[in-house]
Amino acid sequence: MTAFLIRRLIQGFIVLIVATALIYFVLTLIPGGPLTGLRAGGGNHITAADVKRIGYLLGINDRQGHNYEWYERYFKWMFDPNKAGGIDFTVAGLRLHGDGMLTGDWGRSLLVEPKRPVTAMIGERIPFTLILMSSSLIISLLLAIPIGIISAVRQYSKLDYTVTLLSFFGISMPTFWLAWMMIIIFAVGFKQWHPFGWQLPYFPSDAAYEQGKEGDIANRIYHLVLPVTVLSVVSVAGWSRFLRSSVLEVLRLDYVRTAWAKGLKQRVVILKHAVRNALIPMVTLVTLAIPGLFGGAIVTEGIFSYPGLGSLYLDAVGAYDWPVVMAYLLVVTSLTILSNILADVLYAVADPRIRYS
Amino acid sequence: MATTTSALDAERMATAEPSQLIVTWRRFRRHKLALVGLFTLLTLVVICFLAEIPIINVRLLAPYDPAVQDLTKEGIFAASSAKHWLGTDDLGRDILSRLMYAGRISLVIGLICTLIVAIFGSVVGALAGFFGGIVDTVLMRIVDLLLAIPFFPLLLVLSQLLGPLLGSIPTIIIAMTVFGWLGISRLVRGQILSLRGLDFVEATRALGASNSRIIFRHMLPNSLAPIIVNGTLDVGGFILLESTLSFLGYGVKSPVPTWGNMLSDVNNYFLNHPLLAFYPGIAILLTVVSINFMGDALRDALDPRLKQ
């Protein structure tokens, strides 16, 4: 297992390098490159010196504005031994000196929060996104697992038909539109309508907490209700459908028939024998859904003005804020690759038939 | 001579099985939801595509020109009436007409992207599965690599950078298809691998058929069922993706209406005029859900293991 883990981590690192190189080349080699858009999008704030500075940061040109060859750029961006900052230390006569993304120098924001270090901006936003995504993951699982099991056990019942129909709508849902509809109903409508003079429990549709209440956990949860619901709809629908067919498949197997024949209770047969095995493929499905969740988080955070990575990225792309954009892509690609590795490891843990050695 | 032929025909008719198409249709129509989906989708397609007769550009079903504005006080945000069935938007444009024209763009983009990824993905998958070895390794590593990249954030940048160069519609088609072919290529590769060892392929090779003939005349047609199912579901996926990108402002740009950018157009008004936000979304939802109903039924109908 350890050997497998090490091999998988090395593989993951190589994939990360190649994937980021690919992203980097595509973005910098598009005719005109990122700097053209910068001048067009940034308007008058952006001086020629700024462009030169950003080009230097992105490894496109040197300090004087002279362009590097295309094959040098990625390495200059990642790690440049000629730059002054960053790493500077000596190990056994080998001097390591240089600066770039690998040393943690991610540059400063241009337009979103001018002059602020990108690491600080990303670091500040990551917890928000992780809270949003993990709440959504947990709630989706808590809903999808029982729904999937029940509709498999009661196959072709009214309940099963209803669940199937709803899950079709769930996977076909334009989430941004769902978010708006929820805002119209639960944030605005519930605040304005007073049936029988009651105040309905409305939910906030912006920010992560009320001004001045950042320490109040209840207030934060209150603000999470709508975004988490929107982010979870698609996964609840998809996963419960998947689990339903997975349970149905397992229920047909011989060992389940044996369990019935032994006279075990329904609850034991289904939960202990069938569902345990049916859940194994879910492990892969759920971990592989993480990259998609980052995409979903962009849309959801944007609509609910939730201060996570996604809304930062939306602002950055819109403003051609390249240091932020590149840093976001690097972080999210790394997290995606890590979750792929996690999927493999968890799969081995969950399924004793699989031995990586 | 004539008698022999008709005798043969008679014999063939006696033993003939119904064609694949008829069998598929019979099994497809057992799914009530799929029939509802087919009916809904056909209705939507007919309404959208007959909004205006193409080439000569004469409006047929659409009551108004979707770009014509009416900025008078009575013209903007008009409620639904006999004149404007679904009302008008902030610029006094007729919502129903815009929905029809938008539907054409959204549906066509979904179809074009699906065609591109189905063809490209099938060819890549077939090459990898057929030749195996280094070809397979290289192609599948590329697929794995692209699968490891979170594609959605990248689509936004690609659209931002390519948009001004190519125009918004070609840009969005390119951006979405770059990452869209991966699933199909894996699927087809698996199919080709399982077909490779079968006797009929050996027989074809023994008859002297070339590699490309074996792949394109024999193996790919035999892998058509999963490609069709996957492609159907992809149309829905692309329509959803396009609408999301257009909504965020990185897809098809105004004045060309799509369901997605109609929603982004009302961004500042939707709280006061919720119906303006309701219609385009419900159009997307109905289209995609119909497609998904059909895809699910097709999967059952085309699965040879279920043949009775």
# chains A, B, ... in the order shown; residues from 1 in each chain; ligands from 1

$ residues_around --residues "B:Val124" --least-positions-apart "6" --cutoff "12 Å" --atoms "only C-alpha atoms" --output "ChimeraX atom specification"
/B:117-118,130-132,135-140,142-143,181-190,192,215,220

$ closest_atom_pairs --of "chain B" --to "chain A" --cutoff "9 Å" --atoms "only C-alpha atoms" --output "JSON lines"
{"residue": "B:Leu33", "atom": "CA", "partner": "A:Leu165", "partner_atom": "CA", "distance": 8.7}
{"residue": "B:Asp144", "atom": "CA", "partner": "A:Val15", "partner_atom": "CA", "distance": 8.9}
{"residue": "B:Leu145", "atom": "CA", "partner": "A:Val15", "partner_atom": "CA", "distance": 6.5}
{"residue": "B:Leu146", "atom": "CA", "partner": "A:Ala19", "partner_atom": "CA", "distance": 7.5}
{"residue": "B:Ala148", "atom": "CA", "partner": "A:Ile337", "partner_atom": "CA", "distance": 6.0}
{"residue": "B:Ile149", "atom": "CA", "partner": "A:Thr333", "partner_atom": "CA", "distance": 5.8}
{"residue": "B:Pro150", "atom": "CA", "partner": "A:Pro291", "partner_atom": "CA", "distance": 5.3}
{"residue": "B:Phe151", "atom": "CA", "partner": "A:Gly295", "partner_atom": "CA", "distance": 8.0}
{"residue": "B:Phe152", "atom": "CA", "partner": "A:Gly295", "partner_atom": "CA", "distance": 5.3}
{"residue": "B:Pro153", "atom": "CA", "partner": "A:Gly295", "partner_atom": "CA", "distance": 6.3}
{"residue": "B:Leu154", "atom": "CA", "partner": "A:Leu329", "partner_atom": "CA", "distance": 7.7}
{"residue": "B:Leu156", "atom": "CA", "partner": "A:Val317", "partner_atom": "CA", "distance": 7.2}
{"residue": "B:Val157", "atom": "CA", "partner": "A:Val317", "partner_atom": "CA", "distance": 6.4}
{"residue": "B:Leu158", "atom": "CA", "partner": "A:Leu27", "partner_atom": "CA", "distance": 7.4}
{"residue": "B:Gln160", "atom": "CA", "partner": "A:Val317", "partner_atom": "CA", "distance": 7.6}
{"residue": "B:Leu161", "atom": "CA", "partner": "A:Gly37", "partner_atom": "CA", "distance": 7.1}
{"residue": "B:Leu162", "atom": "CA", "partner": "A:Ile30", "partner_atom": "CA", "distance": 7.4}
{"residue": "B:Leu165", "atom": "CA", "partner": "A:Pro31", "partner_atom": "CA", "distance": 8.4}
{"residue": "B:Gly236", "atom": "CA", "partner": "A:Ser172", "partner_atom": "CA", "distance": 7.7}
{"residue": "B:Gly237", "atom": "CA", "partner": "A:Ser172", "partner_atom": "CA", "distance": 8.1}
{"residue": "B:Leu240", "atom": "CA", "partner": "A:Pro174", "partner_atom": "CA", "distance": 6.1}
{"residue": "B:Leu241", "atom": "CA", "partner": "A:Pro174", "partner_atom": "CA", "distance": 8.5}
{"residue": "B:Ser243", "atom": "CA", "partner": "A:Pro174", "partner_atom": "CA", "distance": 7.7}
{"residue": "B:Thr244", "atom": "CA", "partner": "A:Phe176", "partner_atom": "CA", "distance": 7.1}
{"residue": "B:Phe247", "atom": "CA", "partner": "A:Phe176", "partner_atom": "CA", "distance": 8.0}
{"residue": "B:Leu248", "atom": "CA", "partner": "A:Val299", "partner_atom": "CA", "distance": 7.8}
{"residue": "B:Leu263", "atom": "CA", "partner": "A:Trp177", "partner_atom": "CA", "distance": 8.0}
{"residue": "B:Phe270", "atom": "CA", "partner": "A:Trp180", "partner_atom": "CA", "distance": 8.2}
{"residue": "B:Leu271", "atom": "CA", "partner": "A:Ile184", "partner_atom": "CA", "distance": 6.3}
{"residue": "B:Pro274", "atom": "CA", "partner": "A:Ile184", "partner_atom": "CA", "distance": 7.0}
{"residue": "B:Ala277", "atom": "CA", "partner": "A:Trp177", "partner_atom": "CA", "distance": 7.6}
{"residue": "B:Phe278", "atom": "CA", "partner": "A:Met181", "partner_atom": "CA", "distance": 7.6}
{"residue": "B:Pro280", "atom": "CA", "partner": "A:Trp177", "partner_atom": "CA", "distance": 8.9}
{"residue": "B:Gly281", "atom": "CA", "partner": "A:Trp177", "partner_atom": "CA", "distance": 5.8}
{"residue": "B:Ile282", "atom": "CA", "partner": "A:Trp177", "partner_atom": "CA", "distance": 8.7}
{"residue": "B:Ile284", "atom": "CA", "partner": "A:Pro174", "partner_atom": "CA", "distance": 7.1}
{"residue": "B:Leu285", "atom": "CA", "partner": "A:Met173", "partner_atom": "CA", "distance": 5.7}
{"residue": "B:Leu286", "atom": "CA", "partner": "A:Ser172", "partner_atom": "CA", "distance": 8.3}
{"residue": "B:Thr287", "atom": "CA", "partner": "A:Ser172", "partner_atom": "CA", "distance": 8.7}
{"residue": "B:Val288", "atom": "CA", "partner": "A:Ser172", "partner_atom": "CA", "distance": 5.4}
{"residue": "B:Val289", "atom": "CA", "partner": "A:Ser172", "partner_atom": "CA", "distance": 5.2}
{"residue": "B:Ser290", "atom": "CA", "partner": "A:Ser172", "partner_atom": "CA", "distance": 8.9}
{"residue": "B:Ile291", "atom": "CA", "partner": "A:Ser172", "partner_atom": "CA", "distance": 9.0}
{"residue": "B:Asn292", "atom": "CA", "partner": "A:Phe168", "partner_atom": "CA", "distance": 7.1}
{"residue": "B:Phe293", "atom": "CA", "partner": "A:Phe168", "partner_atom": "CA", "distance": 7.4}

$ write_last_selection --atoms "N, CA and C atoms" --output "compact mmCIF listing (two decimals), in the first residue's frame"
# COMPACT_ATOMS: atom_id res chain seq x y z
N LEU B 33 -42.10 7.83 -20.24
CA LEU B 33 -41.44 9.12 -20.07
C LEU B 33 -40.66 9.50 -21.31
N ASP B 144 -6.36 10.68 -20.09
CA ASP B 144 -6.25 10.75 -18.62
C ASP B 144 -5.83 12.14 -18.17
N LEU B 145 -4.86 12.70 -18.90
CA LEU B 145 -4.35 14.01 -18.54
C LEU B 145 -5.45 15.07 -18.62
N LEU B 146 -6.20 15.04 -19.75
CA LEU B 146 -7.25 16.05 -19.92
C LEU B 146 -8.36 15.85 -18.89
N ALA B 148 -7.86 15.01 -15.90
CA ALA B 148 -7.38 15.49 -14.60
C ALA B 148 -7.48 17.00 -14.49
N ILE B 149 -7.74 17.68 -15.63
CA ILE B 149 -7.83 19.14 -15.59
C ILE B 149 -9.28 19.54 -15.31
N PRO B 150 -9.51 20.38 -14.30
CA PRO B 150 -10.88 20.86 -14.07
C PRO B 150 -11.26 21.78 -15.22
N PHE B 151 -12.15 21.28 -16.09
CA PHE B 151 -12.29 21.96 -17.36
C PHE B 151 -13.13 23.23 -17.28
N PHE B 152 -14.09 23.27 -16.35
CA PHE B 152 -15.02 24.40 -16.37
C PHE B 152 -14.33 25.77 -16.20
N PRO B 153 -13.45 25.92 -15.17
CA PRO B 153 -12.77 27.21 -15.04
C PRO B 153 -11.97 27.56 -16.29
N LEU B 154 -11.40 26.53 -16.92
CA LEU B 154 -10.57 26.79 -18.10
C LEU B 154 -11.42 27.30 -19.27
N LEU B 156 -13.84 29.30 -19.16
CA LEU B 156 -14.06 30.74 -19.01
C LEU B 156 -12.89 31.53 -19.59
N VAL B 157 -11.65 31.11 -19.26
CA VAL B 157 -10.48 31.82 -19.78
C VAL B 157 -10.38 31.65 -21.28
N LEU B 158 -10.59 30.41 -21.75
CA LEU B 158 -10.49 30.17 -23.19
C LEU B 158 -11.45 31.08 -23.93
N GLN B 160 -12.66 33.88 -22.90
CA GLN B 160 -12.21 35.26 -22.76
C GLN B 160 -11.10 35.59 -23.77
N LEU B 161 -10.19 34.62 -23.99
CA LEU B 161 -9.04 34.87 -24.85
C LEU B 161 -9.38 34.68 -26.33
N LEU B 162 -10.15 33.60 -26.65
CA LEU B 162 -10.42 33.29 -28.05
C LEU B 162 -11.58 34.11 -28.60
N LEU B 165 -11.04 36.89 -31.03
CA LEU B 165 -10.40 36.47 -32.28
C LEU B 165 -11.37 35.76 -33.21
N GLY B 236 -27.87 17.09 -24.41
CA GLY B 236 -28.40 17.76 -23.23
C GLY B 236 -27.31 18.42 -22.41
N GLY B 237 -26.21 17.69 -22.22
CA GLY B 237 -25.09 18.23 -21.44
C GLY B 237 -24.54 19.51 -22.06
N LEU B 240 -26.86 22.46 -21.53
CA LEU B 240 -26.72 22.98 -20.17
C LEU B 240 -25.44 23.80 -20.02
N LEU B 241 -24.33 23.25 -20.56
CA LEU B 241 -23.05 23.92 -20.41
C LEU B 241 -23.05 25.26 -21.14
N SER B 243 -25.60 27.09 -21.83
CA SER B 243 -26.44 28.07 -21.15
C SER B 243 -25.73 28.63 -19.92
N THR B 244 -24.99 27.75 -19.22
CA THR B 244 -24.26 28.23 -18.04
C THR B 244 -23.20 29.25 -18.44
N PHE B 247 -24.77 32.42 -19.58
CA PHE B 247 -25.31 33.13 -18.42
C PHE B 247 -24.21 33.92 -17.72
N LEU B 248 -23.02 33.30 -17.60
CA LEU B 248 -21.92 33.98 -16.91
C LEU B 248 -21.28 35.06 -17.78
N LEU B 263 -31.10 34.94 -19.87
CA LEU B 263 -31.11 35.00 -18.41
C LEU B 263 -30.13 36.03 -17.90
N PHE B 270 -34.39 40.65 -12.42
CA PHE B 270 -35.18 39.43 -12.22
C PHE B 270 -35.93 39.41 -10.90
N LEU B 271 -35.47 40.18 -9.91
CA LEU B 271 -36.19 40.18 -8.64
C LEU B 271 -37.53 40.89 -8.78
N PRO B 274 -39.82 38.40 -12.01
CA PRO B 274 -39.37 37.01 -11.94
C PRO B 274 -39.74 36.18 -13.16
N ALA B 277 -37.11 35.76 -15.77
CA ALA B 277 -36.09 34.77 -15.46
C ALA B 277 -36.65 33.37 -15.57
N PHE B 278 -37.97 33.25 -15.40
CA PHE B 278 -38.57 31.92 -15.37
C PHE B 278 -38.58 31.26 -16.76
N PRO B 280 -36.87 31.46 -19.85
CA PRO B 280 -35.72 30.81 -20.51
C PRO B 280 -35.24 29.57 -19.74
N GLY B 281 -35.28 29.65 -18.40
CA GLY B 281 -34.82 28.52 -17.61
C GLY B 281 -35.71 27.30 -17.80
N ILE B 282 -37.02 27.53 -17.84
CA ILE B 282 -37.93 26.40 -18.01
C ILE B 282 -37.73 25.79 -19.41
N ILE B 284 -34.84 25.63 -21.01
CA ILE B 284 -33.64 24.80 -20.90
C ILE B 284 -33.99 23.50 -20.19
N LEU B 285 -34.67 23.61 -19.04
CA LEU B 285 -34.99 22.44 -18.24
C LEU B 285 -35.81 21.43 -19.04
N LEU B 286 -36.86 21.92 -19.74
CA LEU B 286 -37.71 21.00 -20.50
C LEU B 286 -36.91 20.30 -21.59
N THR B 287 -36.08 21.07 -22.31
CA THR B 287 -35.30 20.47 -23.39
C THR B 287 -34.37 19.40 -22.85
N VAL B 288 -33.61 19.75 -21.80
CA VAL B 288 -32.60 18.82 -21.31
C VAL B 288 -33.25 17.60 -20.67
N VAL B 289 -34.34 17.80 -19.94
CA VAL B 289 -34.97 16.66 -19.29
C VAL B 289 -35.57 15.73 -20.35
N SER B 290 -36.13 16.29 -21.42
CA SER B 290 -36.67 15.45 -22.50
C SER B 290 -35.55 14.61 -23.11
N ILE B 291 -34.42 15.27 -23.37
CA ILE B 291 -33.29 14.55 -23.96
C ILE B 291 -32.82 13.44 -23.03
N ASN B 292 -32.76 13.73 -21.73
CA ASN B 292 -32.30 12.70 -20.79
C ASN B 292 -33.29 11.54 -20.69
N PHE B 293 -34.60 11.82 -20.72
CA PHE B 293 -35.58 10.73 -20.75
C PHE B 293 -35.33 9.83 -21.95

$ closest_residue --among "B:Ile55, B:Val266, B:Asp300, B:Gln191" --to "B:Gly125" --atoms "only C-alpha atoms"
B:Gln191

$ atom_distance --atom1 "atom CA of A:Val268" --atom2 "atom CA of A:Leu166"
28.5 Å

$ select_by_dssp --residues "stretch 45-95 of chain B" --states "helix (DSSP H, G or I)" --output "VMD selection string"
chain B and resid 45 to 49 95

$ write_last_selection --atoms "N, CA and C atoms" --output "CSV table (one decimal), in the first residue's frame"
chain,number,residue,atom,x,y,z
B,45,VAL,N,-38.6,21.8,-30.9
B,45,VAL,CA,-37.8,21.9,-32.1
B,45,VAL,C,-38.6,22.5,-33.2
B,46,VAL,N,-39.8,22.0,-33.4
B,46,VAL,CA,-40.7,22.6,-34.5
B,46,VAL,C,-40.9,24.1,-34.3
B,47,ILE,N,-41.3,24.4,-33.0
B,47,ILE,CA,-41.6,25.8,-32.7
B,47,ILE,C,-40.4,26.7,-33.0
B,48,CYS,N,-39.2,26.2,-32.5
B,48,CYS,CA,-38.0,27.1,-32.6
B,48,CYS,C,-37.6,27.2,-34.1
B,49,PHE,N,-37.6,26.1,-34.8
B,49,PHE,CA,-37.0,26.1,-36.2
B,49,PHE,C,-38.0,26.7,-37.2
B,95,ILE,N,-40.7,38.5,-25.7
B,95,ILE,CA,-40.0,37.4,-25.1
B,95,ILE,C,-40.2,36.1,-25.9

$ residues_around --residues "B:Leu38" --least-positions-apart "4" --cutoff "7 Å" --atoms "only C-alpha atoms" --output "MDAnalysis selection string"
chainID B and resid 34 42 290 294

$ residues_around --residues "B:Trp85" --least-positions-apart "4" --cutoff "9 Å" --atoms "only C-alpha atoms" --output "list in words"
Ala79, Ser80, Ser81, Asp94, Ile95 and Leu96 of chain B

$ atom_distance --atom1 "atom CA of A:Arg154" --atom2 "atom CA of A:Pro281"
21.2 Å
